[in-house]
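Here's the structure we're looking at; comments come further down.
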Amino acid sequence: MRTVKKRTRYIKVYERILLEEKKLLEELAKIPVDGRRTAPVNARKAFKLISDMCYQLAQECNVLVSYPQKAIAGKKVDLGGMLILLPNCKLVTIEELKEIEDRRY
């Protein structure tokens, strides 16, 4: 009997980024925020979570992810738009990264 090798499916970078962002949003939802009345400790905690996620992605995927418009808006932390710096020093959005990777693989 002949065995068929399964092809390994690699997780694309944009999929990994979206997965981490989903986890991050779940963690941010647990932090009590209330606009300008948010305790400084909670604000630091929220921004530290974002920073840690970006650092982890930089280590694993060799891309820099940033949220230049992040802010505490009302009862939640708003991440705003995401920018990704590729190894060739090109700034792209998540949609552009998806197009690039879909063309490549």
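Chains: A, B, ... in order of the structure tokens. Residues: from 1 per chain. Ligands: from 1, in order shown.
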
Excluding Val65 of chain A and any residue of its chain fewer than 5 positions from it, enumerate the residues within 7 Å of it, using only C-alpha atoms, and give them as JSON, numbers by chain. {"A": [54, 82, 83, 84, 85]}

Residue selection dump (N, CA and C atoms) as a PDB file, in the first residue's frame:
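Below is the file part.pdb, written as the result:
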ATOM      1  N   CYS A  54       3.239  43.004  20.466  1.00  0.00           N
ATOM      2  CA  CYS A  54       4.022  43.465  19.316  1.00  0.00           C
ATOM      3  C   CYS A  54       5.447  42.911  19.368  1.00  0.00           C
ATOM      4  N   MET A  82      -3.791  49.218  12.278  1.00  0.00           N
ATOM      5  CA  MET A  82      -2.558  48.483  12.495  1.00  0.00           C
ATOM      6  C   MET A  82      -1.605  48.752  11.334  1.00  0.00           C
ATOM      7  N   LEU A  83      -0.348  49.006  11.653  1.00  0.00           N
ATOM      8  CA  LEU A  83       0.684  49.131  10.630  1.00  0.00           C
ATOM      9  C   LEU A  83       1.719  48.044  10.850  1.00  0.00           C
ATOM     10  N   ILE A  84       2.211  47.480   9.761  1.00  0.00           N
ATOM     11  CA  ILE A  84       3.181  46.387   9.831  1.00  0.00           C
ATOM     12  C   ILE A  84       4.408  46.803   9.035  1.00  0.00           C
ATOM     13  N   LEU A  85       5.571  46.743   9.671  1.00  0.00           N
ATOM     14  CA  LEU A  85       6.826  47.049   9.006  1.00  0.00           C
ATOM     15  C   LEU A  85       7.471  45.729   8.595  1.00  0.00           C
TER      16      LEU A  85
END

Do you have, as CSV, the list of residues of segment 48-92 of chain A lying at most 12 Å from segment 98-101 of chain A, each with its nearest atom pair and that distance in Å to one decimal, counting only C-alpha atoms and ordered by chain then number?
residue,atom,partner,partner_atom,distance
A:Ile84,CA,A:Lys98,CA,11.3
A:Leu86,CA,A:Ile100,CA,11.0
A:Lys90,CA,A:Ile100,CA,11.9
A:Val92,CA,A:Lys98,CA,9.8

Atomic separation - atom CA of Glu27 of chain A relative to atom CA of Leu91 of chain A, Å: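 Interatomic distance here is 26.6 Å.
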
Residue among A:Lys70, A:Lys75, A:Arg104, A:Arg37 lying closest to Val13 of chain A, counting only C-alpha atoms: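 Looking at the shortest contact to Val13 of chain A, the residue is A:Arg104.
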
With only C-alpha atoms as the counted atoms, please give the residues lying no more than 9 Å from segment 57-59 of chain A, apart from itself and same-chain residues fewer than 4 positions off, as an mmCIF file with C-alpha atoms, in the first residue's frame.
data_model
loop_
_atom_site.group_PDB
_atom_site.id
_atom_site.type_symbol
_atom_site.label_atom_id
_atom_site.label_comp_id
_atom_site.auth_asym_id
_atom_site.auth_seq_id
_atom_site.Cartn_x
_atom_site.Cartn_y
_atom_site.Cartn_z
ATOM 1 C CA ARG A 16 -0.623 34.808 13.093
ATOM 2 C CA ILE A 17 -1.066 38.564 13.577
ATOM 3 C CA GLU A 20 -2.615 37.400 18.391
ATOM 4 C CA ASP A 52 4.279 42.703 24.692
ATOM 5 C CA MET A 53 2.157 41.321 21.846
ATOM 6 C CA VAL A 63 7.801 41.937 11.314
ATOM 7 C CA LEU A 64 7.099 44.965 13.476
ATOM 8 C CA VAL A 65 3.448 45.532 14.316
#

Going by DSSP on the backbone, which residues of chain A come out as helix (DSSP H, G or I)? List them as a ChimeraX atom specification. /A:13-29,35-37,40-61,94-104

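For segment 27-78 of chain A, the set of residues given strand (DSSP E or B) by DSSP on the backbone reads Leu64, Val65, Ser66, Ala71, Ile72, Ala73, Lys76, Val77 and Asp78 of chain A.
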
Would you mind exporting C-alpha atoms of the selected residues as a PDB file, in the first residue's frame?
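Result file out-v2.pdb:
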ATOM      1  CA  LEU A  64       7.099  44.965  13.476  1.00  0.00           C
ATOM      2  CA  VAL A  65       3.448  45.532  14.316  1.00  0.00           C
ATOM      3  CA  SER A  66       2.326  48.867  15.699  1.00  0.00           C
ATOM      4  CA  ALA A  71      -6.336  55.003  22.823  1.00  0.00           C
ATOM      5  CA  ILE A  72      -8.685  54.409  25.703  1.00  0.00           C
ATOM      6  CA  ALA A  73     -12.122  55.341  24.381  1.00  0.00           C
ATOM      7  CA  LYS A  76     -12.757  49.903  26.076  1.00  0.00           C
ATOM      8  CA  VAL A  77      -9.284  50.182  24.613  1.00  0.00           C
ATOM      9  CA  ASP A  78      -9.435  51.136  20.940  1.00  0.00           C
TER      10      ASP A  78
END

Given the choices A:Gly74, A:Leu97, A:Arg103, A:Leu79, which gets closest to Arg36 of chain A if the distance is worked out from only C-alpha atoms?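 So, comparing all the options, the nearest one is A:Gly74.
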
Using only C-alpha atoms, can you tell me which of A:Gly35, A:Lys30, A:Leu24, A:Gln69 comes closest to Gln56 of chain A?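 Closest residue, counting only C-alpha atoms: A:Leu24.
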